[in-house]
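Contents: one structure, followed by commentary.
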Amino acid sequence: MRRFVILILLAAAPCAHASPVTQRRAHSRTVAASQPAKYALSRDDEAFLEDLSRRAFQYFIDHADPQTGLVLDRALAGGEAHPPNHPSHNITSSAATGFGLTALCIGAARGWITRDDARRRVLTTLHFFAERASQEHGWFLHWMDKETGERRWTSEYSSIDTALLLAGVLTARQYFHEVPEVVRLATLIYERVDFGWMLAGDPVLLSHGWRPETGFISSRWDTYSEHLILQLLAVGSPTHPVTPRAWLAWSRKRITYDGYTYLNAGPLFTHQYTQAWADLRDVRESWYPFTNYFDNSVAATRAHRQFCIDLSSEFAGYGPDVWGISASDSAHGYVAWGGPPRDPAIDGTVVPNAPAGSLMFTPDISLRALRTMKEKYGERVYGRYGFVDAFNPNTGWVDTDVIGIDQGITLLSAENLRDGFVWRYFMRNGEIPRAMRLVGLRKG
C-alpha cells in the first residue's frame with residue numbers, strides 16, 4: 001500500500017520547475033480548458049465533418065479482408081493496397097481492425113452502408129477472432145497476414161493492440177445487441193482474455209506483450225498513456241480481472257507549457273485512443289479530485305497547438321491554423337514524435353490526425369486547423385480517405401500513405417463530436433462503468 005500512497009503524493013506535487021505565478025496561471029488555464037457540453041457546429045462544419053468522416057470510413061470498407069475481416073495497417077492514399085514487393089503488403093493490425101469494427105457501426109448508423117451489410121462484416125470479423133485467429137491466453141497478435149491471419153514481422157501478442165480490438169468488439173456487441181451471434185462471439189472474445197497472465201508476475205503493471213521466442217516484453221504500462229483503455233478492460237473483466245489498485249500503480253507526470261498544466265508522457269494520440277471509446281467527460285478520480293481526464297486532454301491539445309505556433313519561427317509552415325505533430329510517417333520514415341517538450345526529430349512535418357483525433361476535445365481549434373489544411377493544400381493532402389498521414393509544408397513533401405489507426409481516430413473523434421455515438425454504445429457495456437467505479441472514477 002505504501003507504493004500507492006507515494007505515487008499519489010508524487011502525482012499531487014506541483015511541477016518542480018513551475019514558479020508560483022506559472023502555477024496560478026496554469027490553474028486558471030486548466031479550469032477554463034473544457035469545451036461546453038455541446039459545441040455548436042455550423043452548417044459548413046457539419047458538411048466538412050460529413051465529408052471527412054465518410055472518406056475515413058471508406059478506408060475500412062476498401063481494406064478489410066472479406067474472409068477474415070482483418071484491416072490493413074496502411075494503404076496508398078489513392079486507394080490501392082501496397083503491391084507484393086512492398087514491406088507492408090497484406091499486413092494488418094488488430095488495432096486497425098478494432099477501429100474498423102467501430103467504423104462499421106458508425107457507417108450503419110449514418111447510412112453509408114446498410115445495416116445488413118455492416119452486420120455481416122462484423123460477424124465475419126468476430127468469427128475469425130473467436131474461432132481462427134492465433135491467440136495466447138486470449139491475447140492477439142499485433143501484426144497478421146490479411147488473408148490467413150498468420151503472424152507477420154515476428155509480431156508480439158500485444159496488450160494494447162488487443163485492447164483496441166476489444167474496444168471495437170464491445171462497441172459492436174452493443175450496437176448489434178439484437179443479434180445473438182454478435183453478442184455471443186463478442187462476449188467469448190472478451191471473456192477469454194486472461195488479463196492476469198499479462199501481468200507477467202508483477203502484481204499490478206501489465207506488460208506490453210509476449211513473444212513465443214523470448215517471453216514477456218520487459219516494458220510495462222507504467223506511465224500515463226493510451227493504455228487507460230487496457231486498464232479499464234482489465235479491471236472490468238468478469239472472468240480474468242486485475243485488481244483495481246492497478247489504476248494507482250502508474251506514474252502521473254505533469255508538465256506545464258504556456259500556462260497549461262496536464263498529465264502527459266507522449267504524443268497526442270496517447271490522450272485520444274482511450275477516450276475515442278470511453279466517455280470520461282465530467283469524470284474525476286475520487287481519490288485525486290484534481291484529475292479530470294477529458295479536461296486534461298483538452299489542455300494537452302491546446303498546449304500542443306501553442307507549441308506548434310512557437311515552432312513557426314523555425315518552421316514557417318506551422319501556425320495558429322496549421323498545426324499537429326503526433327506519431328506518423330515522415331520523409332525519413334515512421335517517427336513517434338510529439339511535444340511539448342521538443343522532440344529533436346521534428347522537421348516541420350504536419351500530421352492532420354493530431355488535430356483530427358482531438359475534435360472531441362477541442363472542436364474550435366481542431367476544425368479550423370483541418371479546414372484550413374484542406375483549403376490551403378487541397379488535393380495534394382486530401383483525397384479518397386481524407387487527409388494523407390502527414391505532409392511537410394516547408395519542404396513540399398507529401399506522404400503517399402494513409403494509416404488505418406490514424407483514419408480510425410479521425411472517424412471516431414469526429415463522430416463523438418457530432419453526437420457522442422461511440423461513447424454512447426461503448427459505455428452500454430456494463431463492464432466499463434463498473435471498472436470506472438472500482439478504480440474511483442466518479443461523475444461530477
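Chain labels A, B, ... are given in the sequence in which chains occur in the C-alpha cells; within each chain residues are numbered consecutively from 1, and ligands are likewise numbered from 1 in the order shown.
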
### Message
If we count only C-alpha atoms and set the cut-off at 7 Å, which residues sit around range 372-375 of chain A, ignoring sequence neighbours fewer than 5 positions away in its own chain? Please answer as a PyMOL selection string.
### Response
chain A and resi 321-322+382

Within 6 Å of range 131-154 of chain A, which residues of range 187-283 of chain A come that close, and what is the closest atom pair and distance in Å for each? Count only C-alpha atoms and give it as a tab-separated table.
residue	atom	partner	partner_atom	distance
A:Arg192	CA	A:Gly138	CA	5.1
A:Val193	CA	A:Gly138	CA	3.9
A:Asp194	CA	A:His137	CA	5.5

Would you mind listing, for every residue of range 354-420 of chain A within 10 Å of range 300-314 of chain A, the two atoms forming the shortest contact and the distance between them in Å to one decimal, using only C-alpha atoms, sorted by chain and ascending residue number, as a tab-separated table?
residue	atom	partner	partner_atom	distance
A:Ala354	CA	A:Thr301	CA	8.6
A:Pro355	CA	A:Thr301	CA	7.8
A:Gly357	CA	A:Thr301	CA	9.8
A:Ser358	CA	A:Thr301	CA	6.9
A:Leu359	CA	A:Thr301	CA	9.8
A:Phe361	CA	A:Thr301	CA	7.8
A:Thr362	CA	A:Thr301	CA	7.2
A:Ile365	CA	A:Arg302	CA	8.1
A:Ser366	CA	A:Thr301	CA	9.0
A:Ala369	CA	A:Arg305	CA	9.7

Residues of range 331-407 of chain A within 10 Å of range 100-112 of chain A: nearest atom pair and distance (Å, one decimal) for each, counting only C-alpha atoms, sorted by chain and number, as JSON lines?
{"residue": "A:Gly404", "atom": "CA", "partner": "A:Gly100", "partner_atom": "CA", "distance": 8.3}
{"residue": "A:Ile405", "atom": "CA", "partner": "A:Gly100", "partner_atom": "CA", "distance": 8.8}
{"residue": "A:Gln407", "atom": "CA", "partner": "A:Gly100", "partner_atom": "CA", "distance": 9.6}

For the residues in the current selection, export N, CA and C atoms as an mmCIF file, in the first residue's frame.
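Writing done, so here's out.cif:
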data_model
loop_
_atom_site.group_PDB
_atom_site.id
_atom_site.type_symbol
_atom_site.label_atom_id
_atom_site.label_comp_id
_atom_site.auth_asym_id
_atom_site.auth_seq_id
_atom_site.Cartn_x
_atom_site.Cartn_y
_atom_site.Cartn_z
ATOM 1 N N GLY A 404 -4.254 2.963 -41.004
ATOM 2 C CA GLY A 404 -5.562 2.575 -40.513
ATOM 3 C C GLY A 404 -5.945 3.180 -39.173
ATOM 4 N N ILE A 405 -5.042 3.103 -38.202
ATOM 5 C CA ILE A 405 -5.393 3.623 -36.878
ATOM 6 C C ILE A 405 -5.556 5.144 -36.904
ATOM 7 N N GLN A 407 -6.714 6.906 -39.601
ATOM 8 C CA GLN A 407 -8.047 7.141 -40.165
ATOM 9 C C GLN A 407 -9.104 6.814 -39.116
#

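Distances from A:Ala75, A:Leu126, A:Leu206, A:Val283 to Val169 in chain A were compared using only C-alpha atoms, and the smallest one belongs to A:Leu126.
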
Report as a Markdown table the residues of range 413-433 of chain A within 9 Å of range 233-256 of chain A, each with its shortest atom pair and distance in Å (one decimal), using only C-alpha atoms, ordered by chain and increasing residue number.
| residue | atom | partner | partner_atom | distance |
| --- | --- | --- | --- | --- |
| A:Gly430 | CA | A:Gly236 | CA | 8.5 |
| A:Glu431 | CA | A:Gly236 | CA | 4.8 |
| A:Ile432 | CA | A:Gly236 | CA | 5.9 |
| A:Pro433 | CA | A:Gly236 | CA | 8.2 |

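Put simply, CA of Phe176 in chain A is 24.8 Å away from CA of Arg281 in chain A.
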
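The gap separating CA of Glu181 in chain A from CA of Thr124 in chain A is 11.0 Å, in Å to one decimal.
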
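Each of A:Gly324, A:Pro180, A:Gly408, A:Gly333 was compared to Ala345 in chain A using only C-alpha atoms, and A:Gly333 turns out to be the nearest.
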
Find the residues around Thr395 in chain A up to 10 Å (only C-alpha atoms counted), leave out those fewer than 3 positions away in its own chain, and share them as a compact mmCIF listing (two decimals) with N, CA and C atoms, in the first residue's frame.
# COMPACT_ATOMS: atom_id res chain seq x y z
N PHE A 315 9.99 26.74 -38.33
CA PHE A 315 9.33 26.10 -39.46
C PHE A 315 8.11 26.94 -39.81
N GLY A 317 5.84 26.77 -41.86
CA GLY A 317 4.58 26.12 -42.21
C GLY A 317 3.63 25.97 -41.05
N ALA A 331 9.26 12.13 -44.08
CA ALA A 331 10.12 11.94 -45.25
C ALA A 331 11.24 10.94 -44.95
N ASP A 347 10.75 18.18 -37.88
CA ASP A 347 11.33 18.82 -39.06
C ASP A 347 10.34 19.70 -39.81
N GLY A 348 9.23 20.05 -39.18
CA GLY A 348 8.22 20.87 -39.83
C GLY A 348 7.07 20.07 -40.41
N THR A 349 7.09 18.74 -40.24
CA THR A 349 6.01 17.90 -40.73
C THR A 349 4.71 18.19 -39.97
N PHE A 391 2.33 15.53 -44.02
CA PHE A 391 2.93 16.30 -45.11
C PHE A 391 3.80 17.39 -44.49
N ASN A 392 4.72 17.90 -45.28
CA ASN A 392 5.62 18.95 -44.79
C ASN A 392 5.47 20.18 -45.67
N VAL A 398 4.91 15.22 -49.38
CA VAL A 398 3.56 14.75 -49.05
C VAL A 398 3.59 13.24 -48.98

### Task
Please identify which residues in range 122-350 of chain A DSSP calls strand (DSSP E) from the backbone, and express them as a PyMOL selection string.
chain A and resi 135-136+139-140+143-145+157-158+209-211+215-216+254-257+260-263+283-285

Would you mind exporting C-alpha atoms of the selected residues as a short mmCIF file (atom, residue, chain, number, x, y, z; two decimals), in the first residue's frame?
data_model
loop_
_atom_site.label_atom_id
_atom_site.label_comp_id
_atom_site.auth_asym_id
_atom_site.auth_seq_id
_atom_site.Cartn_x
_atom_site.Cartn_y
_atom_site.Cartn_z
CA GLN A 135 -4.20 -16.23 -29.62
CA GLU A 136 -2.26 -16.72 -26.42
CA TRP A 139 -4.36 -12.07 -26.44
CA PHE A 140 -3.98 -11.42 -30.16
CA TRP A 143 0.56 -7.86 -37.00
CA MET A 144 -1.14 -10.51 -39.13
CA ASP A 145 -1.45 -11.56 -42.76
CA TYR A 157 0.88 -10.86 -28.81
CA SER A 158 0.15 -7.24 -27.99
CA GLY A 209 3.15 -8.08 -24.81
CA TRP A 210 4.57 -11.59 -25.24
CA ARG A 211 6.60 -13.36 -27.94
CA GLY A 215 8.59 -14.43 -23.50
CA PHE A 216 7.14 -11.27 -21.98
CA ARG A 254 2.68 16.59 -15.12
CA ILE A 255 4.16 19.14 -17.45
CA THR A 256 3.43 22.84 -17.86
CA TYR A 257 3.51 24.65 -21.19
CA TYR A 260 -1.35 24.68 -19.29
CA THR A 261 -0.54 22.01 -16.70
CA TYR A 262 -1.55 18.45 -17.52
CA LEU A 263 -0.61 14.77 -17.33
CA VAL A 283 -15.48 12.32 -14.64
CA ARG A 284 -12.98 12.77 -11.83
CA GLU A 285 -10.91 10.45 -9.68
#

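Proximity to Thr291 in chain A was assessed for A:Tyr224, A:Trp197, A:Tyr190, A:Phe387 counting only C-alpha atoms; the smallest distance is recorded for A:Tyr224.
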
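Across the model, the gap from CA of Leu199 in chain A to CA of Gly69 in chain A is 29.2 Å.
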
### Task
Counting only C-alpha atoms, figure out which residue out of A:Glu379, A:Asp65, A:Glu50, A:Glu226 gets nearest to Leu164 in chain A.
A:Glu226

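Minimum atom-to-atom distances from A:Ala276, A:Leu205, A:Thr97, A:Phe195 to Leu417 in chain A were compared using only C-alpha atoms, and the lowest value belongs to A:Ala276.
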
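Distances from A:Gly79, A:Pro203, A:Pro320, A:Pro66 to Arg368 in chain A were compared using only C-alpha atoms, and the smallest one belongs to A:Pro320.
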
### Message
DSSP on the backbone, helix (DSSP H, G or I) only: what residues of range 63-222 of chain A does that give? Format it as a ChimeraX atom specification.
### Response
/A:94-110,115-131,159-175,180-192,197-199

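Close contacts of Leu72 in chain A, defined as residues with an atom at most 9 Å away when counting only C-alpha atoms, with chain neighbours fewer than 2 positions off set aside, comprise Phe60, His63, Ala64, Asp65, Leu70, Arg74, Ala75, Ala81, Ser88, His89, Asn90, Ile91, Thr92, Ser93, Ala96, Thr97, Asp145, Lys146, Ile403 and Gly404 of chain A.
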
Keeping only N, CA and C atoms, write the selected residues to a file as an mmCIF file, in the first residue's frame.
data_model
loop_
_atom_site.group_PDB
_atom_site.id
_atom_site.type_symbol
_atom_site.label_atom_id
_atom_site.label_comp_id
_atom_site.auth_asym_id
_atom_site.auth_seq_id
_atom_site.Cartn_x
_atom_site.Cartn_y
_atom_site.Cartn_z
ATOM 1 N N PHE A 60 -12.000 1.557 -44.249
ATOM 2 C CA PHE A 60 -12.308 0.287 -43.592
ATOM 3 C C PHE A 60 -13.208 -0.608 -44.450
ATOM 4 N N HIS A 63 -10.356 -1.864 -47.310
ATOM 5 C CA HIS A 63 -9.157 -2.601 -46.900
ATOM 6 C C HIS A 63 -9.389 -3.595 -45.768
ATOM 7 N N ALA A 64 -10.614 -4.114 -45.672
ATOM 8 C CA ALA A 64 -10.907 -5.226 -44.768
ATOM 9 C C ALA A 64 -11.063 -6.490 -45.610
ATOM 10 N N ASP A 65 -10.393 -7.543 -45.222
ATOM 11 C CA ASP A 65 -10.463 -8.778 -45.995
ATOM 12 C C ASP A 65 -11.854 -9.400 -45.868
ATOM 13 N N LEU A 70 -9.952 -8.754 -41.242
ATOM 14 C CA LEU A 70 -8.758 -8.033 -40.819
ATOM 15 C C LEU A 70 -8.549 -6.799 -41.693
ATOM 16 N N ARG A 74 -1.863 -0.179 -43.351
ATOM 17 C CA ARG A 74 -1.726 1.041 -44.151
ATOM 18 C C ARG A 74 -2.012 0.715 -45.609
ATOM 19 N N ALA A 75 -2.286 1.771 -46.390
ATOM 20 C CA ALA A 75 -2.542 1.629 -47.818
ATOM 21 C C ALA A 75 -2.134 2.934 -48.494
ATOM 22 N N ALA A 81 -4.096 -0.955 -52.354
ATOM 23 C CA ALA A 81 -3.258 -1.642 -51.382
ATOM 24 C C ALA A 81 -1.832 -1.677 -51.911
ATOM 25 N N SER A 88 4.830 -3.624 -46.505
ATOM 26 C CA SER A 88 3.539 -3.634 -45.828
ATOM 27 C C SER A 88 2.464 -4.400 -46.585
ATOM 28 N N HIS A 89 2.839 -5.091 -47.643
ATOM 29 C CA HIS A 89 1.847 -5.835 -48.416
ATOM 30 C C HIS A 89 1.108 -6.846 -47.538
ATOM 31 N N ASN A 90 -0.220 -6.732 -47.521
ATOM 32 C CA ASN A 90 -1.099 -7.667 -46.810
ATOM 33 C C ASN A 90 -0.889 -7.680 -45.297
ATOM 34 N N ILE A 91 -0.215 -6.677 -44.744
ATOM 35 C CA ILE A 91 -0.017 -6.611 -43.294
ATOM 36 C C ILE A 91 -1.197 -5.892 -42.652
ATOM 37 N N THR A 92 -1.844 -6.570 -41.724
ATOM 38 C CA THR A 92 -2.948 -5.965 -40.983
ATOM 39 C C THR A 92 -2.551 -5.796 -39.525
ATOM 40 N N SER A 93 -3.349 -5.034 -38.795
ATOM 41 C CA SER A 93 -3.129 -4.926 -37.351
ATOM 42 C C SER A 93 -4.439 -5.146 -36.615
ATOM 43 N N ALA A 96 -6.086 -1.693 -35.917
ATOM 44 C CA ALA A 96 -6.838 -1.145 -37.045
ATOM 45 C C ALA A 96 -8.162 -1.873 -37.217
ATOM 46 N N THR A 97 -8.176 -3.180 -36.918
ATOM 47 C CA THR A 97 -9.404 -3.953 -37.035
ATOM 48 C C THR A 97 -10.411 -3.547 -35.960
ATOM 49 N N ASP A 145 -1.185 -11.517 -41.324
ATOM 50 C CA ASP A 145 -1.452 -11.557 -42.756
ATOM 51 C C ASP A 145 -2.948 -11.345 -42.991
ATOM 52 N N LYS A 146 -3.257 -10.529 -43.971
ATOM 53 C CA LYS A 146 -4.648 -10.151 -44.226
ATOM 54 C C LYS A 146 -5.528 -11.346 -44.539
ATOM 55 N N ILE A 403 -2.775 5.565 -42.833
ATOM 56 C CA ILE A 403 -2.584 4.505 -41.842
ATOM 57 C C ILE A 403 -3.920 4.235 -41.148
ATOM 58 N N GLY A 404 -4.254 2.963 -41.004
ATOM 59 C CA GLY A 404 -5.562 2.575 -40.513
ATOM 60 C C GLY A 404 -5.945 3.180 -39.173
#
